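Trainee: Just start33.txt, nothing more (compact mmCIF, C-alpha atoms and all ligand atoms):
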```
# COMPACT_ATOMS: atom_id res chain seq x y z
CA MET S 1084 -57.41 33.96 70.62
CA ASP S 1085 -56.50 30.35 70.06
CA THR S 1086 -57.03 28.13 73.09
CA THR S 1087 -55.75 24.97 71.55
CA ALA S 1088 -52.44 23.60 70.50
CA PRO S 1089 -51.14 24.67 67.09
CA SER S 1090 -52.79 21.70 65.39
CA ALA S 1091 -56.26 23.14 66.07
CA ARG S 1092 -59.00 21.59 63.98
CA PRO S 1093 -60.96 23.68 61.54
CA PRO S 1094 -63.95 25.48 63.05
CA HIS S 1095 -66.70 23.16 64.12
CA PRO S 1096 -69.70 23.50 61.83
CA ARG S 1097 -72.50 25.17 63.70
CA PRO S 1098 -75.98 26.12 62.54
CA ALA S 1099 -75.66 29.31 60.51
CA ALA S 1100 -78.81 30.92 61.81
CA ARG S 1101 -79.58 29.83 65.32
CA GLU S 1102 -83.00 30.39 66.66
CA VAL S 1103 -82.98 33.41 68.91
CA ARG S 1104 -85.91 33.32 71.27
CA ARG S 1105 -87.22 36.53 72.67
CA ALA S 1106 -87.38 36.33 76.42
CA PRO S 1107 -91.00 35.45 76.99
CA GLY S 1108 -93.08 37.43 79.44
CA ALA S 1109 -93.12 34.76 82.11
CA GLY S 1110 -89.32 34.93 82.36
CA ALA S 1111 -89.40 38.71 82.71
CA VAL S 1112 -91.99 38.39 85.47
CA LEU S 1113 -89.99 35.72 87.28
CA ARG S 1114 -86.80 37.82 87.11
CA ALA S 1115 -88.65 40.90 88.39
CA VAL S 1116 -89.92 38.86 91.35
CA LEU S 1117 -86.38 37.56 91.99
CA ASP S 1118 -84.94 41.09 91.97
CA HIS S 1119 -87.68 42.96 93.77
CA GLY S 1120 -89.74 40.43 95.71
CA PRO S 1121 -91.84 40.73 97.72
CA VAL S 1122 -93.30 42.87 94.95
CA ALA S 1123 -96.86 43.71 93.93
CA ARG S 1124 -98.10 42.58 90.54
CA SER S 1125 -98.84 46.19 89.64
CA THR S 1126 -95.18 47.00 90.28
CA VAL S 1127 -94.09 43.98 88.20
CA ALA S 1128 -96.20 45.36 85.35
CA ARG S 1129 -94.45 48.71 85.62
CA LEU S 1130 -90.99 47.09 85.86
CA THR S 1131 -91.47 44.77 82.87
CA GLY S 1132 -93.62 46.94 80.65
CA LEU S 1133 -96.18 44.11 80.42
CA SER S 1134 -99.88 44.79 80.82
CA PRO S 1135 -101.39 44.17 84.27
CA ALA S 1136 -103.60 41.44 82.78
CA SER S 1137 -100.61 39.73 81.25
CA VAL S 1138 -98.67 39.90 84.53
CA THR S 1139 -101.63 38.41 86.39
CA GLY S 1140 -101.77 35.53 83.90
CA HIS S 1141 -98.03 34.86 84.15
CA CYS S 1142 -98.13 35.03 87.96
CA ALA S 1143 -100.91 32.43 87.99
CA ARG S 1144 -98.81 30.09 85.84
CA LEU S 1145 -95.69 30.66 87.96
CA LEU S 1146 -97.73 30.05 91.14
CA ASP S 1147 -99.10 26.83 89.63
CA ARG S 1148 -95.57 25.59 89.04
CA GLY S 1149 -94.46 26.44 92.56
CA LEU S 1150 -91.91 29.01 91.37
CA ILE S 1151 -93.37 32.00 93.20
CA ARG S 1152 -95.68 32.46 96.15
CA GLN S 1153 -97.58 35.21 97.86
CA ALA S 1154 -95.49 36.84 100.56
CA PRO S 1155 -96.51 35.11 103.81
CA GLU S 1156 -97.69 38.21 105.65
CA THR S 1157 -100.34 38.80 103.04
CA ALA S 1158 -101.11 35.25 101.96
CA GLY S 1159 -104.60 33.95 102.42
CA PRO S 1160 -107.41 32.41 100.48
CA ARG S 1161 -108.92 35.79 99.74
CA GLY S 1162 -105.60 37.24 98.52
CA LEU S 1163 -105.39 35.28 95.27
CA GLY S 1164 -105.50 37.47 92.21
CA ARG S 1165 -105.49 40.77 94.06
CA PRO S 1166 -103.03 43.02 92.22
CA HIS S 1167 -101.37 44.47 95.32
CA VAL S 1168 -100.61 41.19 97.05
CA PRO S 1169 -96.80 40.98 96.97
CA MET S 1170 -95.21 38.03 95.22
CA GLU S 1171 -91.84 36.47 96.00
CA ILE S 1172 -89.70 33.55 94.86
CA GLU S 1173 -90.81 30.28 96.49
CA ARG S 1174 -88.02 29.41 98.95
CA ASP S 1175 -89.15 25.80 99.11
CA GLY S 1176 -89.85 25.56 95.39
CA PRO S 1177 -88.13 23.41 92.78
CA LEU S 1178 -84.37 22.92 92.72
CA ALA S 1179 -81.91 22.94 89.85
CA ALA S 1180 -79.32 20.19 89.58
CA GLY S 1181 -75.81 21.02 88.44
CA ALA S 1182 -72.75 19.16 87.25
CA HIS S 1183 -69.47 20.96 86.71
CA ILE S 1184 -67.14 18.68 84.78
CA GLY S 1185 -63.59 19.45 85.85
CA VAL S 1186 -60.44 17.55 84.98
CA ALA S 1187 -59.81 15.52 88.14
CA CYS S 1188 -63.40 15.49 89.35
CA SER S 1189 -66.92 16.70 88.74
CA THR S 1190 -68.90 18.80 91.23
CA LEU S 1191 -72.56 17.85 91.59
CA SER S 1192 -75.01 20.25 93.18
CA LEU S 1193 -78.58 21.14 93.98
CA THR S 1194 -79.46 24.83 94.06
CA ASP S 1195 -82.65 26.66 94.96
CA LEU S 1196 -84.39 29.29 92.87
CA ARG S 1197 -82.42 32.08 94.54
CA GLY S 1198 -79.14 30.49 93.53
CA ARG S 1199 -78.34 29.13 96.99
CA VAL S 1200 -76.50 25.82 96.92
CA VAL S 1201 -78.36 23.38 99.16
CA TRP S 1202 -76.10 20.41 98.42
CA GLN S 1203 -72.77 19.85 96.71
CA GLU S 1204 -70.41 16.93 96.42
CA ARG S 1205 -67.30 16.04 94.47
CA LEU S 1206 -67.19 13.02 92.23
CA PRO S 1207 -63.59 11.96 91.43
CA HIS S 1208 -62.90 10.96 87.83
CA PRO S 1209 -60.83 7.96 86.85
CA GLN S 1210 -57.20 8.79 86.12
CA ALA S 1211 -56.26 9.28 82.47
CA PRO S 1212 -56.30 7.33 80.17
CA GLY S 1213 -59.48 5.85 81.70
CA ARG S 1214 -61.05 9.31 81.83
CA THR S 1215 -62.95 8.84 78.59
CA PRO S 1216 -66.13 10.78 77.89
CA GLU S 1217 -68.08 7.51 78.10
CA ARG S 1218 -66.71 6.67 81.55
CA VAL S 1219 -67.17 10.16 83.02
CA LEU S 1220 -70.69 10.51 81.61
CA GLU S 1221 -71.55 7.03 82.93
CA LEU S 1222 -70.40 8.13 86.38
CA LEU S 1223 -72.52 11.28 86.20
CA ALA S 1224 -75.50 9.37 84.87
CA ALA S 1225 -75.26 6.95 87.78
CA HIS S 1226 -74.86 9.60 90.47
CA ILE S 1227 -77.35 12.26 89.42
CA PRO S 1228 -80.53 10.26 90.12
CA GLU S 1229 -78.97 9.27 93.46
CA LEU S 1230 -78.22 12.92 94.23
CA VAL S 1231 -81.85 13.83 93.57
CA ASP S 1232 -83.21 10.89 95.57
CA ARG S 1233 -81.05 11.53 98.59
CA HIS S 1234 -80.80 15.28 98.79
CA ALA S 1235 -83.68 17.00 96.97
CA ASP S 1236 -85.91 16.19 99.94
CA GLY S 1237 -88.82 15.38 97.65
CA ARG S 1238 -88.64 18.74 95.86
CA ARG S 1239 -89.09 18.86 92.12
CA VAL S 1240 -85.87 19.24 90.10
CA THR S 1241 -86.35 21.46 87.07
CA ALA S 1242 -83.35 20.48 84.99
CA LEU S 1243 -79.71 19.48 85.07
CA GLY S 1244 -77.21 22.15 84.10
CA VAL S 1245 -73.80 20.96 82.93
CA ALA S 1246 -70.84 23.33 82.81
CA THR S 1247 -67.28 22.75 81.75
CA GLY S 1248 -64.30 24.61 80.34
CA HIS S 1249 -63.05 25.36 76.85
CA ARG S 1250 -65.43 25.22 73.83
CA VAL S 1251 -69.03 24.25 74.46
CA ASP S 1252 -71.97 24.58 72.06
CA PRO S 1253 -75.05 25.26 74.24
CA ALA S 1254 -77.53 25.02 71.35
CA ALA S 1255 -76.40 21.51 70.45
CA GLY S 1256 -75.57 20.49 74.03
CA VAL S 1257 -72.14 19.37 72.88
CA VAL S 1258 -68.66 19.82 74.37
CA LEU S 1259 -66.82 20.70 71.18
CA ASP S 1260 -63.27 20.70 72.45
CA HIS S 1261 -61.77 20.25 75.90
CA PRO S 1262 -58.04 19.64 75.37
CA LEU S 1263 -57.27 18.90 79.05
CA LEU S 1264 -59.91 16.18 79.16
CA GLY S 1265 -59.11 15.12 75.61
CA TRP S 1266 -62.78 15.46 74.65
CA GLN S 1267 -63.97 16.43 71.20
CA ASP S 1268 -67.58 16.66 70.00
CA VAL S 1269 -69.03 14.89 73.04
CA PRO S 1270 -72.87 14.93 72.98
CA VAL S 1271 -73.28 15.56 76.71
CA ARG S 1272 -76.93 16.59 76.59
CA ALA S 1273 -78.08 13.57 74.60
CA ARG S 1274 -76.20 11.15 76.88
CA LEU S 1275 -77.30 12.67 80.17
CA GLU S 1276 -80.91 13.36 79.21
CA ALA S 1277 -81.38 9.74 78.35
CA ALA S 1278 -79.76 8.62 81.60
CA SER S 1279 -81.18 11.13 84.08
CA GLY S 1280 -84.68 11.70 82.73
CA LEU S 1281 -84.17 15.42 83.32
CA PRO S 1282 -83.98 18.18 80.73
CA VAL S 1283 -80.26 18.94 80.34
CA GLU S 1284 -78.69 22.30 79.51
CA VAL S 1285 -74.98 22.56 78.68
CA ASP S 1286 -72.72 25.61 78.60
CA SER S 1287 -69.21 26.81 79.32
CA HIS S 1288 -68.43 27.41 82.98
CA ALA S 1289 -67.24 30.97 82.34
CA ARG S 1290 -70.52 31.90 80.60
CA ALA S 1291 -72.48 30.12 83.32
CA LEU S 1292 -70.71 32.09 86.03
CA THR S 1293 -71.33 35.34 84.14
CA ARG S 1294 -75.04 34.53 84.23
CA ALA S 1295 -74.84 33.53 87.88
CA GLU S 1296 -73.39 36.97 88.70
CA GLN S 1297 -76.13 38.63 86.65
CA LEU S 1298 -78.87 36.67 88.42
CA PHE S 1299 -77.61 36.08 91.97
CA GLY S 1300 -74.34 37.97 92.48
CA GLU S 1301 -73.57 40.41 95.27
CA PRO S 1302 -75.81 43.45 94.65
CA ALA S 1303 -73.15 45.85 93.33
CA VAL S 1304 -71.57 43.13 91.18
CA ARG S 1305 -74.95 42.00 89.89
CA THR S 1306 -75.86 45.51 88.78
CA ALA S 1307 -72.50 46.04 87.09
CA ALA S 1308 -72.54 42.58 85.47
CA ARG S 1309 -75.88 43.37 83.84
CA ALA S 1310 -74.23 46.36 82.14
CA SER S 1311 -71.04 44.61 80.97
CA ALA S 1312 -68.75 42.03 82.47
CA VAL S 1313 -65.69 39.90 81.97
CA VAL S 1314 -65.39 36.72 84.02
CA LEU S 1315 -61.81 35.43 84.25
CA PHE S 1316 -61.63 31.78 85.32
CA VAL S 1317 -58.27 30.54 86.56
CA GLY S 1318 -58.40 26.89 87.59
CA ALA S 1319 -57.34 23.62 86.00
CA VAL S 1320 -58.66 25.33 82.87
CA VAL S 1321 -57.98 29.00 82.24
CA ASP S 1322 -60.67 30.77 80.25
CA ALA S 1323 -63.07 33.70 80.29
CA ALA S 1324 -66.43 35.04 79.18
CA PHE S 1325 -67.69 38.50 78.41
CA SER S 1326 -71.10 40.07 78.22
CA THR S 1327 -72.77 43.28 77.21
CA GLY S 1328 -76.20 43.87 78.64
CA ALA S 1329 -77.85 40.51 79.22
CA ALA S 1330 -76.06 38.93 76.24
CA VAL S 1331 -73.10 36.67 76.98
CA HIS S 1332 -71.03 36.39 73.82
CA GLU S 1333 -70.39 32.90 72.41
CA GLY S 1334 -68.97 33.58 68.98
CA PRO S 1335 -69.72 31.59 65.82
CA ARG S 1336 -67.26 28.82 66.86
CA ALA S 1337 -68.19 28.97 70.57
CA GLY S 1338 -64.61 30.11 71.00
CA ALA S 1339 -65.05 33.42 72.82
CA GLY S 1340 -63.11 33.75 76.04
CA GLY S 1341 -60.09 31.67 75.09
CA VAL S 1342 -57.52 33.49 77.19
CA ALA S 1343 -55.26 30.55 78.05
CA HIS S 1344 -52.44 31.86 75.88
CA LEU S 1345 -52.55 35.53 76.83
CA PRO S 1346 -48.90 36.55 77.16
CA VAL S 1347 -48.33 37.38 80.82
CA GLY S 1348 -44.67 36.40 81.07
CA VAL S 1349 -42.97 35.39 84.28
CA GLU S 1350 -41.54 37.24 87.24
CA ARG S 1351 -37.97 38.41 87.71
CA GLY S 1352 -35.46 35.59 88.00
CA GLU S 1353 -37.91 32.87 86.93
CA THR S 1354 -37.51 30.45 84.06
CA PRO S 1355 -40.69 30.35 81.99
CA MET S 1356 -42.51 27.06 81.48
CA ARG S 1357 -43.10 25.77 77.99
CA CYS S 1358 -46.76 25.95 77.00
CA VAL S 1359 -48.64 23.29 75.01
CA CYS S 1360 -48.81 25.88 72.21
CA GLY S 1361 -45.02 25.83 71.99
CA GLY S 1362 -44.63 29.33 73.42
CA TYR S 1363 -43.53 30.66 76.78
CA GLY S 1364 -45.16 32.98 79.28
CA CYS S 1365 -48.76 32.01 78.45
CA LEU S 1366 -51.28 32.58 81.25
CA SER S 1367 -52.28 28.92 81.38
CA ALA S 1368 -48.70 27.63 81.33
CA GLU S 1369 -47.82 29.85 84.31
CA ALA S 1370 -51.02 30.01 86.37
CA SER S 1371 -53.14 26.89 85.81
CA GLU S 1372 -53.44 24.29 88.59
CA ARG S 1373 -50.91 22.11 86.81
CA ALA S 1374 -48.48 25.00 86.58
CA MET S 1375 -48.98 25.72 90.29
CA LEU S 1376 -48.15 22.12 91.17
CA GLY S 1377 -45.02 22.27 89.01
CA ARG S 1378 -43.87 25.48 90.69
CA ALA S 1379 -44.68 24.02 94.12
CA ALA S 1380 -42.51 20.97 93.46
CA ALA S 1381 -39.71 23.23 92.23
CA ALA S 1382 -40.02 25.27 95.45
CA GLY S 1383 -39.52 22.14 97.54
CA LEU S 1384 -43.19 21.79 98.42
CA PRO S 1385 -44.42 18.56 96.87
CA VAL S 1386 -48.20 18.27 97.29
CA PRO S 1387 -50.44 15.53 95.94
CA SER S 1388 -53.10 17.84 94.52
CA PHE S 1389 -54.03 21.44 93.89
CA ARG S 1390 -56.53 21.20 96.71
CA ALA S 1391 -53.72 20.25 99.11
CA LEU S 1392 -51.72 23.26 97.92
CA LEU S 1393 -54.70 25.55 98.57
CA ASP S 1394 -55.19 24.00 102.02
CA ALA S 1395 -51.53 24.61 102.77
CA ALA S 1396 -51.88 28.26 101.74
CA LEU S 1397 -55.06 28.62 103.82
CA ALA S 1398 -53.10 27.21 106.77
CA GLY S 1399 -50.44 29.90 106.25
CA GLU S 1400 -47.66 27.81 104.67
CA PRO S 1401 -45.39 30.59 103.33
CA ARG S 1402 -44.27 28.89 100.09
CA ALA S 1403 -47.85 27.99 99.20
CA LEU S 1404 -48.99 31.54 99.96
CA ALA S 1405 -46.18 32.95 97.81
CA LEU S 1406 -47.32 30.79 94.90
CA PHE S 1407 -50.90 32.07 95.20
CA LEU S 1408 -49.66 35.66 95.40
CA ARG S 1409 -47.62 35.08 92.25
CA ARG S 1410 -50.65 33.58 90.54
CA ALA S 1411 -52.73 36.60 91.58
CA ARG S 1412 -50.18 38.96 90.04
CA LEU S 1413 -50.15 37.01 86.76
CA ALA S 1414 -53.97 36.98 86.74
CA GLY S 1415 -53.74 40.74 87.34
CA ARG S 1416 -51.71 41.11 84.14
CA ALA S 1417 -54.36 39.17 82.22
CA ALA S 1418 -57.08 41.26 83.87
CA ALA S 1419 -55.33 44.42 82.68
CA LEU S 1420 -55.31 43.19 79.07
CA LEU S 1421 -59.00 42.24 79.26
CA ILE S 1422 -59.99 45.53 80.87
CA ASP S 1423 -58.13 47.51 78.21
CA LEU S 1424 -59.78 45.40 75.49
CA PHE S 1425 -63.40 45.36 76.73
CA ASP S 1426 -63.66 48.19 79.28
CA PRO S 1427 -66.22 46.17 81.28
CA ALA S 1428 -68.20 47.60 84.18
CA VAL S 1429 -66.84 44.73 86.22
CA LEU S 1430 -64.21 42.02 85.87
CA VAL S 1431 -64.98 39.04 88.09
CA VAL S 1432 -62.03 36.89 89.11
CA VAL S 1433 -62.82 33.21 89.67
CA GLU S 1434 -59.67 31.97 91.39
CA PRO S 1435 -59.63 30.43 94.86
CA GLY S 1436 -56.63 32.40 96.14
CA SER S 1437 -58.11 35.77 95.21
CA CYS S 1438 -61.46 34.73 96.67
CA ARG S 1439 -60.22 33.19 99.93
CA LEU S 1440 -56.65 34.16 100.81
CA PRO S 1441 -55.71 37.48 102.36
CA ARG S 1442 -53.57 39.78 100.21
CA CYS S 1443 -54.13 37.93 96.93
CA LEU S 1444 -56.95 40.12 95.69
CA GLY S 1445 -55.01 43.26 96.59
CA ALA S 1446 -51.96 41.94 94.75
CA LEU S 1447 -54.09 41.14 91.71
CA ARG S 1448 -55.65 44.62 91.69
CA ARG S 1449 -52.31 46.39 92.06
CA GLU S 1450 -50.82 44.43 89.18
CA ALA S 1451 -53.91 45.10 87.05
CA VAL S 1452 -53.57 48.84 87.70
CA ARG S 1453 -49.83 48.73 87.00
CA CYS S 1454 -50.28 46.95 83.67
CA SER S 1455 -53.51 48.54 82.43
CA ARG S 1456 -53.67 51.68 80.35
CA SER S 1457 -57.23 52.46 81.41
CA LEU S 1458 -57.72 51.23 84.99
CA GLY S 1459 -56.86 53.72 87.72
CA PRO S 1460 -56.18 52.87 91.37
CA ALA S 1461 -59.42 54.57 92.41
CA ASP S 1462 -61.45 52.25 90.15
CA ALA S 1463 -59.73 48.99 90.95
CA GLU S 1464 -61.91 47.93 93.89
CA ASP S 1465 -65.13 48.53 91.98
CA VAL S 1466 -63.99 47.01 88.70
CA VAL S 1467 -61.86 44.02 89.75
CA VAL S 1468 -63.89 41.87 92.14
CA PRO S 1469 -63.84 38.28 93.38
CA SER S 1470 -66.57 35.80 92.53
CA SER S 1471 -69.78 36.25 94.52
CA PHE S 1472 -69.68 32.48 95.18
CA PRO S 1473 -66.29 31.87 96.82
CA ARG S 1474 -67.10 28.55 98.45
CA SER S 1475 -69.47 27.16 95.88
CA VAL S 1476 -68.25 28.43 92.55
CA LEU S 1477 -68.23 25.10 90.71
CA ALA S 1478 -71.54 24.03 92.25
CA THR S 1479 -72.97 27.38 91.18
CA ALA S 1480 -71.58 27.07 87.64
CA GLY S 1481 -73.44 23.83 86.94
CA SER S 1482 -76.74 24.86 88.49
CA ALA S 1483 -76.56 28.31 86.88
CA VAL S 1484 -76.80 26.73 83.44
CA ALA S 1485 -80.17 25.25 84.40
CA LEU S 1486 -81.33 28.33 86.32
CA HIS S 1487 -80.45 30.67 83.44
CA ALA S 1488 -82.69 28.58 81.18
CA LEU S 1489 -85.44 28.63 83.81
CA TYR S 1490 -85.30 32.40 84.28
CA THR S 1491 -85.24 32.89 80.50
CA ASP S 1492 -88.32 30.77 79.78
CA PRO S 1493 -89.83 29.10 82.86
CA LEU S 1494 -92.81 27.69 81.01
CA LYS S 1495 -90.58 25.97 78.48
CA GLN S 1496 -88.57 24.28 81.21
CA LEU S 1497 -91.65 23.46 83.31
CA PRO S 1498 -94.44 23.02 80.75
CA ASN S 1499 -96.81 21.39 83.23
CA THR S 1500 -97.92 22.13 86.73
CA ARG S 1501 -96.86 18.86 88.31
CA THR S 1502 -95.46 19.83 91.71
ZN ZN U 1601 -49.62 28.98 75.06
```
Re-express the file's structure as structure tokens.
Mentor:
Amino acid sequence: MDTTAPSARPPHPRPAAREVRRAPGAGAVLRAVLDHGPVARSTVARLTGLSPASVTGHCARLLDRGLIRQAPETAGPRGLGRPHVPMEIERDGPLAAGAHIGVACSTLSLTDLRGRVVWQERLPHPQAPGRTPERVLELLAAHIPELVDRHADGRRVTALGVATGHRVDPAAGVVLDHPLLGWQDVPVRARLEAASGLPVEVDSHARALTRAEQLFGEPAVRTAARASAVVLFVGAVVDAAFSTGAAVHEGPRAGAGGVAHLPVGVERGETPMRCVCGGYGCLSAEASERAMLGRAAAAGLPVPSFRALLDAALAGEPRALALFLRRARLAGRAAALLIDLFDPAVLVVVEPGSCRLPRCLGALRREAVRCSRSLGPADAEDVVVPSSFPRSVLATAGSAVALHALYTDPLKQLPNTRT
């Protein structure tokens, strides 16, 4: 599906054969400790299929880096190396830094190894046309070291994860195309690594949030998301990601998940808005933050920002609530199309109304059932779920890019034992 205006550029050249790393053993051990800790090394060996000797070696390296610890009740100088001493993720271990680059602002964050956000703040962008990649990346480069100095409390920071919408090439660390920001081929990793001194990982926010659900989501969602998932992101940007097993699909042009122009139509009596693609009834044109502000103004509810509209709805303002219910129903139509296409174990909705306002999630599910050919009312609650991170979704998206890399290959991200 095309996410760009009709004048889309030809596909961005990407490496034909990208290096696919097998998940090294240390990552499998770290993930087993995250899922099952406190857990004995002998159990980790059984869970991962690694030999007990190999698990003991990996645990020693993870202990050295402060990523895991012996569970306190059994810790002691004589406990080291004993195979039945349970291991768990180090609560006070390193942190991951995150930066979600939105349209009006970025969200900076620090997150612990269990995916808990310990700090988040919003960094407003300059208004367009001053919102150039150079200016936004300069702002981030200036604030990230300050974030670490002030709020990491002396803890080591493993890496900076950067997430944003539209087309992102994680291997190159480049934002290929972000029409709302007007960015093309922006080398985010190269710029921010040089400025922050941290390793930088870059990915799309929808893929990052898929991985966050797989690693740290609510238990039932986490289990389902490891089987197969669609994450539908409805914000300033409207996009999606899908996964089967642990693999989150990117596509050869990093274009997977472009759902902005899914045809969802409008509701009875409404005049459709014209989309940037020239069509009418596209999901983005009717449900993005910009569309919501346009509909709010038309309903006699002028608000200065999307955040103000959400605050009004949270305070019970009826016109604001009606707009979020409408948005939920349109997202439900898109959810139905995606469920019929992918048949995922779970479809996670990242949309503040459905996550935080009463009745929106129910409205979204009912519309999804009404429009889907495969989703029954009995399945809707299990299949269509809100984000596991309702109050920290953007903070989680950024950090999850770094934490996914850490849980994939912790020794690559932390090659030395400096703690
Ligand atoms: Zn369109």
Trainee: Using only C-alpha atoms and all ligand atoms, which residue out of S:Cys1142, S:Leu1281, S:Ala1211, S:Cys1358 lies closest to ligand ZN 1601 (chain U)?
Mentor: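 Smallest separation from ligand ZN 1601 (chain U) among the options: S:Cys1358.
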Trainee: Using all atoms listed in the file, which of the listed residues (S:Leu1196, S:Leu1376, S:Val1431, S:Ala1343) sits closest to ligand ZN 1601 (chain U)?
Mentor: S:Ala1343
Trainee: Could you give me, as JSON lines, every chain S residue with an atom at most 6 Å from ligand ZN 1601 (chain U), plus its closest atom pair and distance in Å to one decimal, counting only C-alpha atoms and all ligand atoms, rows ordered by chain then number?
Mentor:
```
{"residue": "S:His1344", "atom": "CA", "partner": "U:ZN1601", "partner_atom": "ZN", "distance": 4.1}
{"residue": "S:Cys1358", "atom": "CA", "partner": "U:ZN1601", "partner_atom": "ZN", "distance": 4.6}
{"residue": "S:Val1359", "atom": "CA", "partner": "U:ZN1601", "partner_atom": "ZN", "distance": 5.8}
{"residue": "S:Cys1360", "atom": "CA", "partner": "U:ZN1601", "partner_atom": "ZN", "distance": 4.3}
{"residue": "S:Gly1362", "atom": "CA", "partner": "U:ZN1601", "partner_atom": "ZN", "distance": 5.3}
{"residue": "S:Cys1365", "atom": "CA", "partner": "U:ZN1601", "partner_atom": "ZN", "distance": 4.6}
```
Trainee: What separation in Å, quoted to one decimal, exists between atom CA of His1288 of chain S and atom CA of His1183 of chain S?
Mentor: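 Separation between atom CA of His1288 of chain S and atom CA of His1183 of chain S: 7.5 Å.
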Trainee: One number please: atom CA of Pro1155 of chain S to atom CA of Val1168 of chain S, in Å, one decimal.
Mentor: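 Value for the atom CA of Pro1155 of chain S-atom CA of Val1168 of chain S distance: 10.0 Å.
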